[in-house]
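Student: The structure under discussion is supplied below as structure tokens; questions concerning it will follow.
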Amino acid sequence: MKHIQRYMKNINLIIGLLVIVGFLIIMIISFFYTPHDVNSMNIPQKLRSPSSDYLFGTDEFGRDIFSRIMKGTQTAFAVGLMTVFIGIIFGILIGGVAGYVGGWIDEIFMRMMDALMAFPGIILALMLVAVFGPGIVNTAIALGIIAIPAIARITRSGFVQHRDTEYVLAAKLIGVKPYSIMFRHILPNISSQIIVAATVTFATAMLAEAALSYLGLGVQPPNPSWGRMLKDSQAYLVGAPWYTYAPGGAITVLVLGLYMLSNALRDFMDPRSKA
């Protein structure tokens with residue numbers, strides 16, 4: 001049984017890394033090259049099926065779907081990275097202070113996080129994007145705010161577990177500053193949990209961005225977004241199914257790869273899995 005579990009961990013890690021590295025390569029290439037101009041309309045070529053000229057076919061304006069999928073990786077990774085950055089920075093600060101200091105500060109911070117988590121994530125994102133306006137940056141900020149409570153709770157739990165350990169008490173006795181104890185001593189010891197949480201947040205952010213773009217509140221045309229492409233392809237599902245398969249497949253494969261990687265990281269970083 002242990003051999004099977006170890007094999008599955010390796011499979012998850014390998015497949016997850018291959019998927020993510022593959023999309024990263026596509027994203028990097030898309031900065032310098034795409035087979036066709038992503039925004040150039042060619043009406044006589046509209047809704048063409050996949051061919052050697054148009055690998056994934058064309059959309060209702062004759063634009064190359066494969067080129068737009070390539071360019072859409074920039075949007076997906078940009079929103080994911082910005083969301084994780086916001087969630088990690090504020091989540092660690094809030095959770096770290098709450099867990100290390102404790103008392104009424106812990107109570108206030110955690111009740112604030114509870115209030116934020118009480119709203120369904122996508123509803124809160126819709127509200128924030130509606131207030132601040134659509135676009136990549138505003139979408140990432142909205143999703144980053146939603147990501148803060150989960151990371152703050154994970155960080156707080158780790159700080160609570162470590163704040164009374166011997167190495168922390170020894171550091172206090174020799175006069176080490178509190179911020180140094182928090183971020184140079186405790187934080188590295190809980191980094192594995194935060195890394196796993198960041199990977200899951202990345203995948204969730206990509207799904208949420210696709211959902212917001214599908215509803216018309218995310219990335220705005222003509223900039224390519226997989227969610228927006230799904231919405232535009234809905235009317236052509238019967239006559240041109242390849243139009244839907246391409247963005248839907250890209251979202252599915254990338255998110256699946258991220259979740260497989262997060263599962264592998266969780267298993268490898270869990271001390272109990274080494275027993």
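Following the order of the structure tokens, first chain is A, next is B, and so on, with residues numbered from 1 inside each chain and ligands from 1 in the order they appear.
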How would you write, as an NGL selection string, the set of residues in range 57-180 of chain A that DSSP gives as helix (DSSP H, G or I)?
Tutor: :A and (65-101 or 103-118 or 121-132 or 136-162 or 166-173 or 178-180)
Student: How close does range 64-132 of chain A get to range 201-222 of chain A? List, as JSON lines, each residue of range 64-132 of chain A within 12 Å, its nearest atom pair and the distance in Å to one decimal, counting only C-alpha atoms.
Tutor:
```
{"residue": "A:Arg68", "atom": "CA", "partner": "A:Pro222", "partner_atom": "CA", "distance": 10.1}
{"residue": "A:Lys71", "atom": "CA", "partner": "A:Pro222", "partner_atom": "CA", "distance": 11.3}
{"residue": "A:Gly72", "atom": "CA", "partner": "A:Val219", "partner_atom": "CA", "distance": 10.0}
{"residue": "A:Thr73", "atom": "CA", "partner": "A:Met206", "partner_atom": "CA", "distance": 10.1}
{"residue": "A:Gln74", "atom": "CA", "partner": "A:Met206", "partner_atom": "CA", "distance": 11.2}
{"residue": "A:Thr75", "atom": "CA", "partner": "A:Val219", "partner_atom": "CA", "distance": 8.0}
{"residue": "A:Ala76", "atom": "CA", "partner": "A:Met206", "partner_atom": "CA", "distance": 5.7}
{"residue": "A:Phe77", "atom": "CA", "partner": "A:Met206", "partner_atom": "CA", "distance": 7.7}
{"residue": "A:Ala78", "atom": "CA", "partner": "A:Met206", "partner_atom": "CA", "distance": 9.4}
{"residue": "A:Val79", "atom": "CA", "partner": "A:Met206", "partner_atom": "CA", "distance": 6.9}
{"residue": "A:Gly80", "atom": "CA", "partner": "A:Phe202", "partner_atom": "CA", "distance": 4.8}
{"residue": "A:Leu81", "atom": "CA", "partner": "A:Phe202", "partner_atom": "CA", "distance": 6.8}
{"residue": "A:Met82", "atom": "CA", "partner": "A:Phe202", "partner_atom": "CA", "distance": 9.1}
{"residue": "A:Thr83", "atom": "CA", "partner": "A:Ala205", "partner_atom": "CA", "distance": 6.6}
{"residue": "A:Val84", "atom": "CA", "partner": "A:Phe202", "partner_atom": "CA", "distance": 6.0}
{"residue": "A:Phe85", "atom": "CA", "partner": "A:Phe202", "partner_atom": "CA", "distance": 9.7}
{"residue": "A:Ile86", "atom": "CA", "partner": "A:Thr201", "partner_atom": "CA", "distance": 10.7}
{"residue": "A:Gly87", "atom": "CA", "partner": "A:Thr201", "partner_atom": "CA", "distance": 8.3}
{"residue": "A:Ile88", "atom": "CA", "partner": "A:Thr201", "partner_atom": "CA", "distance": 9.6}
{"residue": "A:Gly91", "atom": "CA", "partner": "A:Thr201", "partner_atom": "CA", "distance": 11.9}
{"residue": "A:Pro120", "atom": "CA", "partner": "A:Ala208", "partner_atom": "CA", "distance": 11.9}
{"residue": "A:Gly121", "atom": "CA", "partner": "A:Ala208", "partner_atom": "CA", "distance": 8.8}
{"residue": "A:Ile122", "atom": "CA", "partner": "A:Ala208", "partner_atom": "CA", "distance": 6.9}
{"residue": "A:Ile123", "atom": "CA", "partner": "A:Leu212", "partner_atom": "CA", "distance": 10.2}
{"residue": "A:Leu124", "atom": "CA", "partner": "A:Ala208", "partner_atom": "CA", "distance": 11.1}
{"residue": "A:Ala125", "atom": "CA", "partner": "A:Leu212", "partner_atom": "CA", "distance": 8.2}
{"residue": "A:Leu126", "atom": "CA", "partner": "A:Leu212", "partner_atom": "CA", "distance": 7.2}
{"residue": "A:Met127", "atom": "CA", "partner": "A:Leu217", "partner_atom": "CA", "distance": 10.1}
{"residue": "A:Leu128", "atom": "CA", "partner": "A:Leu217", "partner_atom": "CA", "distance": 10.2}
{"residue": "A:Val129", "atom": "CA", "partner": "A:Leu217", "partner_atom": "CA", "distance": 6.7}
{"residue": "A:Ala130", "atom": "CA", "partner": "A:Leu217", "partner_atom": "CA", "distance": 7.3}
{"residue": "A:Val131", "atom": "CA", "partner": "A:Leu217", "partner_atom": "CA", "distance": 10.6}
{"residue": "A:Phe132", "atom": "CA", "partner": "A:Leu217", "partner_atom": "CA", "distance": 10.4}
```
Student: Find the nearest atom pair between each residue of range 45-135 of chain A and range 235-255 of chain A for residues within 7 Å, count only C-alpha atoms, give distances in Å to one decimal, sort rows by chain and ascending number, and present the table as CSV.
Tutor:
```
residue,atom,partner,partner_atom,distance
A:Leu47,CA,A:Ala240,CA,6.5
A:Phe56,CA,A:Trp242,CA,6.7
A:Gly57,CA,A:Trp242,CA,6.9
A:Asp59,CA,A:Tyr243,CA,6.4
A:Ile69,CA,A:Pro247,CA,6.6
```
Student: Just give me the gap between CA of Gly99 in chain A and CA of Phe183 in chain A in Å, one decimal is fine.
Tutor: 12.4 Å
Student: Identify which of the residues A:Leu258, A:Ile89, A:Ile43, A:Leu187 lies closest to Leu18 in chain A, counting only C-alpha atoms when measuring atom-to-atom distances.
Tutor: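 Nearest candidate to Leu18 in chain A out of A:Leu258, A:Ile89, A:Ile43, A:Leu187: A:Leu258.
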Student: Find the spatial neighbours of range 29-37 of chain A, counting only C-alpha atoms, within a cut-off of 8 Å - ignore same-chain residues fewer than 6 positions away - and output them as a list in words.
Tutor: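 Neighbouring residues, sequence-local ones excluded: Arg63, Asp64, Phe66, Ser67, Met70, Lys71 and Gln74 of chain A.
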